[in-house]
Amino acid sequence: MQRNITYQRDLKYFFLLIVVLVYEAISTIYSYLPPLFGFMFVIFLNSLKDDSKFLVFTTIIYLLFFEANRDFLIFSSILFFVISIYYIEPILKKIIKCNKCLIPILITWIYMGYSVFINASYFILSIEEPVFNFLIFYYIIIETLFAFLVLG
């Protein structure tokens, strides 16, 4: 007799979330491991287009965990993702017609734009601003390669 698992896709995403959260904790300890911030933006963008509510929810959980581990303002990455999806991504999509070419540009935008966004937010709130880390360029290259491998 064959079993029918109805929530197989959601179960896969749940285990993927656990793996990504463990990876995020490890990447906080070892700075040479990229935090997958740009990659999660691409996943968030695709999940909004596919109307996958569970994947959007898991990405939001990851972003909250990312902010907590890196001592950023709460909901700042989610706010920046939403601003980027509704204002920046359509402009980039009009300029660049190739979807595969858009991935490295989006990942670069997310890292550079989020650095500016965080510094501006901290300046407005009169909080000590985080130091710009040049590992961001390394993260951009590694995450772009990873996104090409995983997303095809």
# chains A, B, ... in the order shown; residues from 1 in each chain; ligands from 1

call {"tool": "residues_around", "arguments": {"residues": "region 74-81 of chain A", "least_positions_apart": "4", "cutoff": "9 Å", "atoms": "only C-alpha atoms", "output": "VMD selection string"}}
result
chain A and resid 41 44 to 45 60 63 to 64 66 to 68 85 to 86 110 113 to 114 117 to 118 121

call {"tool": "write_last_selection", "arguments": {"atoms": "C-alpha atoms", "output": "short mmCIF file (atom, residue, chain, number, x, y, z; two decimals), in the first residue's frame"}}
result
data_model
loop_
_atom_site.label_atom_id
_atom_site.label_comp_id
_atom_site.auth_asym_id
_atom_site.auth_seq_id
_atom_site.Cartn_x
_atom_site.Cartn_y
_atom_site.Cartn_z
CA PHE A 41 16.84 37.93 -1.55
CA PHE A 44 12.41 35.80 -1.48
CA LEU A 45 11.85 37.43 -4.87
CA ILE A 60 11.36 36.13 6.87
CA LEU A 63 16.08 37.39 7.94
CA LEU A 64 15.06 37.90 11.56
CA PHE A 66 20.23 37.13 10.38
CA GLU A 67 19.49 40.49 12.03
CA ALA A 68 19.70 39.04 15.53
CA ILE A 85 11.43 44.39 -4.71
CA TYR A 86 8.88 47.12 -5.38
CA ILE A 110 21.43 43.84 -1.83
CA GLY A 113 22.35 48.91 -0.76
CA TYR A 114 21.78 47.28 2.61
CA PHE A 117 20.51 51.58 4.27
CA ILE A 118 21.85 50.39 7.64
CA SER A 121 19.22 54.20 9.58
#

call {"tool": "closest_residue", "arguments": {"among": "A:Asn133, A:Asn99, A:Ser126, A:Asn46", "to": "Met112 (chain A)", "atoms": "only C-alpha atoms"}}
result
A:Asn133

call {"tool": "closest_residue", "arguments": {"among": "A:Ile96, A:Ile107, A:Ile18, A:Ile61", "to": "Ile142 (chain A)", "atoms": "only C-alpha atoms"}}
result
A:Ile107

call {"tool": "select_by_dssp", "arguments": {"residues": "region 10-140 of chain A", "states": "alpha helix (DSSP H)", "output": "PyMOL selection string"}}
result
chain A and resi 10-29+37-50+53-70+76-83+89-95+99-124+135-140

call {"tool": "closest_residue", "arguments": {"among": "A:Leu102, A:Ile83, A:Val116, A:Ile95", "to": "Phe132 (chain A)", "atoms": "only C-alpha atoms"}}
result
A:Val116

call {"tool": "atom_distance", "arguments": {"atom1": "CA of Tyr23 (chain A)", "atom2": "CA of Leu73 (chain A)"}}
result
20.9 Å

call {"tool": "residues_around", "arguments": {"residues": "Phe14 (chain A)", "least_positions_apart": "2", "cutoff": "12 Å", "atoms": "only C-alpha atoms", "output": "MDAnalysis selection string"}}
result
chainID A and resid 7:12 16:21 54:59 61:62

call {"tool": "closest_residue", "arguments": {"among": "A:Val42, A:Leu106, A:Cys101, A:Leu33", "to": "Tyr138 (chain A)", "atoms": "only C-alpha atoms"}}
result
A:Leu33
